[in-house]
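First comes the structure, then the notes that go with it.
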Amino acid sequence: MVKRSSEQEGPAPTPRPAGETGRGVFIVYEGNDGAGTSTQAERYAAHLRAARRLVHVTREPSAGPVGALLRQVLTRRISLPSARQAEVMALLFSADRLDHLGAEVEPLLRDGYIVISDRYDLSSLAYQSTTAADGGDPEEILEWIRLLNRHARRPDATVVIDVAPEIAEKRRRGRGGAEELFERTELQARLAEAYRRAEELVPGDRVIHIDGGGPVEEVSRAITAALGPFVER
């Protein structure tokens with residue numbers, strides 16, 4: 001199981017002990033569709049609960065009003081104009097993110113919870129910059145997305161689950177359901193590459209790469225080992 005941690009261009013956030021008032025820990029899970037972020041977030045939360053830790057699992061898009069709109073767009077129940085679609089999605093995701101933080105994440109962190117979010121602003125940087133490459137300058141939109149998210153709290157750690165595009169596609173087909181907005185095979189290959197260079201997208205953040213191509217239990221053990229030193233102490 002290959003794992004690497006990176007902290008580039010400035011200090012990463014100092015991890016804080018969980019379980020004390022005002023001293024929660026914010027962990028983010030990221031990866032291309034089919035990487036297993038939702039499964040692994042829940043498994044790690046179960047591990048922490050067994051150790052009697054305060055844990056909350058959430059996700060983006062959130063359960064808030066903007067998040068509900070985004071879920072309808074992602075499942076193609078609502079269509080956006082094709083022109084500037086990446087930019088419109090970036091605006092919606094950044095609005096949902098600030099609402100998510102204020103309404104759900106930050107109050108729990110103040111109460112000492114370990115908050116695990118299935119996706120955060122790295123998803124915006126990966127997905128919207130990749131889709132913008134179809135009709136715009138990806139570097140320009142990266143800087144714009146960072147500007148939109150400048151008030152978003154930085155995670156204490158981001159776990160990137162790296163999975164080969166063909167494995168991720170097999171998993172998506174196995175779970176069934178209609179294809180979502182970003183699940184095109186060619187796009188997913190580009191997204192997998194974007195996540196492999198996640199450190200470039202979120203400079204200064206603590207990024208932990210986990211090989212997600214193996215059995216679920218093996219991936220869970222690798223994540224637990226990687227996060228343990230500063231989450232479970």
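Ligands are numbered from 1 in the order shown, residues from 1 within each chain, and chains are lettered A, B, ... in the order they appear in the structure tokens.
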If we count only C-alpha atoms and set the cut-off at 7 Å, which residues sit around Leu109 in chain A, ignoring sequence neighbours fewer than 2 positions away in its own chain? Please answer as a PyMOL selection string.
chain A and resi 22-25+105-107+111-115
Going by DSSP on the backbone, which bits of range 131-165 of chain A are strand (DSSP E or B)? Write them as JSON, numbers by chain, please.
{"A": [157, 158, 159, 160, 161, 162]}
Those selected residues, please, written with N, CA, C and O atoms and delivered as a short mmCIF file (atom, residue, chain, number, x, y, z; two decimals), in the first residue's frame.
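Generated output (result_39.cif):
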data_model
loop_
_atom_site.label_atom_id
_atom_site.label_comp_id
_atom_site.auth_asym_id
_atom_site.auth_seq_id
_atom_site.Cartn_x
_atom_site.Cartn_y
_atom_site.Cartn_z
N ALA A 157 -6.03 17.74 7.48
CA ALA A 157 -5.41 16.77 6.56
C ALA A 157 -6.41 16.42 5.47
O ALA A 157 -7.62 16.38 5.70
N THR A 158 -5.88 16.19 4.27
CA THR A 158 -6.69 15.72 3.15
C THR A 158 -6.17 14.36 2.71
O THR A 158 -4.99 14.23 2.36
N VAL A 159 -7.03 13.36 2.76
CA VAL A 159 -6.68 12.01 2.31
C VAL A 159 -7.13 11.86 0.86
O VAL A 159 -8.33 11.93 0.57
N VAL A 160 -6.18 11.68 -0.05
CA VAL A 160 -6.50 11.46 -1.46
C VAL A 160 -6.37 9.97 -1.74
O VAL A 160 -5.29 9.40 -1.59
N ILE A 161 -7.48 9.36 -2.13
CA ILE A 161 -7.48 7.92 -2.45
C ILE A 161 -7.25 7.79 -3.95
O ILE A 161 -8.12 8.14 -4.75
N ASP A 162 -6.08 7.33 -4.32
CA ASP A 162 -5.70 7.22 -5.73
C ASP A 162 -6.14 5.86 -6.28
O ASP A 162 -5.72 4.81 -5.76
#
Provide the CA of Val66 in chain A to CA of Ile145 in chain A distance in Å, to one decimal place.
17.2 Å
I'd like the contact shell of Leu91 in chain A - 10 Å cut-off, only C-alpha atoms, skipping same-chain residues fewer than 3 positions apart - returned as an mmCIF file with C-alpha atoms, in the first residue's frame.
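Saved as around_29.cif:
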data_model
loop_
_atom_site.group_PDB
_atom_site.id
_atom_site.type_symbol
_atom_site.label_atom_id
_atom_site.label_comp_id
_atom_site.auth_asym_id
_atom_site.auth_seq_id
_atom_site.Cartn_x
_atom_site.Cartn_y
_atom_site.Cartn_z
ATOM 1 C CA GLN A 85 -20.711 25.577 -17.127
ATOM 2 C CA ALA A 86 -17.475 24.990 -15.206
ATOM 3 C CA GLU A 87 -17.560 28.533 -13.874
ATOM 4 C CA VAL A 88 -21.221 28.277 -12.846
ATOM 5 C CA SER A 94 -18.128 27.678 -3.270
ATOM 6 C CA ALA A 95 -21.465 29.059 -2.026
ATOM 7 C CA ASP A 96 -22.485 25.628 -0.756
ATOM 8 C CA ARG A 97 -19.097 25.213 0.925
ATOM 9 C CA SER A 124 -13.699 22.085 -7.046
ATOM 10 C CA TRP A 144 -10.285 32.056 -9.644
ATOM 11 C CA ILE A 145 -11.514 29.006 -7.690
ATOM 12 C CA LEU A 148 -13.764 32.033 -4.425
ATOM 13 C CA ASN A 149 -12.728 29.714 -1.595
#
For His151 in chain A, the nearest of the candidates A:Leu101, A:Glu199, A:Thr37, A:Gly64, counting only C-alpha atoms
A:Leu101
Closest contacts (range 93-206 of chain A/range 28-32 of chain A, max 10 Å, only C-alpha atoms) as CSV:
residue,atom,partner,partner_atom,distance
A:Val115,CA,A:Val28,CA,8.3
A:Ile116,CA,A:Val28,CA,5.7
A:Ser117,CA,A:Val28,CA,4.8
A:Asp118,CA,A:Tyr29,CA,5.0
A:Arg119,CA,A:Glu30,CA,5.2
A:Tyr120,CA,A:Val28,CA,6.6
A:Asp121,CA,A:Val28,CA,9.4
A:Leu122,CA,A:Glu30,CA,7.3
A:Ser123,CA,A:Glu30,CA,7.0
A:Ala126,CA,A:Asn32,CA,9.1
A:Tyr127,CA,A:Asn32,CA,9.0
A:Arg154,CA,A:Val28,CA,9.7
A:Pro155,CA,A:Val28,CA,6.5
A:Asp156,CA,A:Val28,CA,8.2
A:Ala157,CA,A:Val28,CA,6.4
A:Thr158,CA,A:Val28,CA,4.6
A:Val159,CA,A:Tyr29,CA,4.8
A:Val160,CA,A:Glu30,CA,4.7
A:Ile161,CA,A:Gly31,CA,5.2
A:Asp162,CA,A:Gly31,CA,6.2
A:Val163,CA,A:Asn32,CA,7.4
A:Ala164,CA,A:Asn32,CA,9.0
A:Pro165,CA,A:Asn32,CA,8.0
A:Ala168,CA,A:Asn32,CA,7.5
A:Glu169,CA,A:Asn32,CA,9.7
A:Phe182,CA,A:Asn32,CA,9.7
A:Glu183,CA,A:Asn32,CA,9.2
A:Leu187,CA,A:Asn32,CA,9.9
A:Gln188,CA,A:Asn32,CA,6.7
A:Ala189,CA,A:Asn32,CA,8.6
A:Arg190,CA,A:Asn32,CA,9.4
A:Leu191,CA,A:Asn32,CA,6.1
A:Ala192,CA,A:Asn32,CA,5.7
A:Glu193,CA,A:Asn32,CA,9.2
A:Ala194,CA,A:Asn32,CA,9.0
A:Tyr195,CA,A:Gly31,CA,6.4
A:Arg196,CA,A:Gly31,CA,9.1
A:Ala198,CA,A:Glu30,CA,9.5
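Considering the residues A:Gly34, A:Gly67, A:Pro203, A:Gly228 and counting only C-alpha atoms, Leu125 in chain A has its shortest atom-to-atom contact with A:Pro203.
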Among range 14-227 of chain A, which ones does DSSP place in helix (DSSP H, G or I), written as a ChimeraX atom specification?
/A:37-50,65-74,85-110,121-132,138-148,165-175,185-196,198-201,216-227
